[in-house]
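Asker: The structure is given below, and queries will be raised subsequently.
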Amino acid sequence: MYCLQWLLPVLLIPKPLNPALWFNHSMFMGFYLLSFLLERKPCTICALVFLAALFLICYSCWGNCFLYHCQDAALPDAALNPAIVGT
């Protein structure tokens, strides 16, 4: 499971508070995953563990899924504060 150490940080990087940056964030993460899978060719077990974790995070709508924003999930309180979003 050596190759899993390069995939786990993808799940831990938080989404930006500013909704305008969500598209850029998802594109960066998507290209990182694609380039990682093409270059490093992780083992099947690592890929399945990562995809299962990604599916569970996105399915539960915890708010850290980089693929899309759940409609039912509310924005964090800090996202409504213009002093924080503007930085």
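The way I read the labels, and the way they are meant: chains A, B, ... in the order of the structure tokens, residue 1 as the first residue of every chain, and ligand 1 as the first ligand shown, with later ones counted on from there.
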Which polymer residues have any atom within 7 Å of an atom of stretch 44-54 of chain A, counting only C-alpha atoms, with same-chain residues fewer than 2 positions away left out, as a list in words?
Answerer: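 Counting only C-alpha atoms, the residues come to Met1, Cys3, Leu4, Leu7, Pro42, Leu56, Ile57 and Cys58 of chain A.
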Asker: Give the answer as one residue: which of A:Cys61, A:Leu67, A:Lys41, A:Phe55 has the shortest atom-to-atom distance to A:Trp22, using only C-alpha atoms?
Answerer: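 Residue with the minimum atom-to-atom distance to A:Trp22: A:Leu67.
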Asker: Just to confirm, what's the straight-line distance from atom CA of A:Leu38 to atom CA of A:Ser60 in Å (one decimal)?
Answerer: 28.1 Å
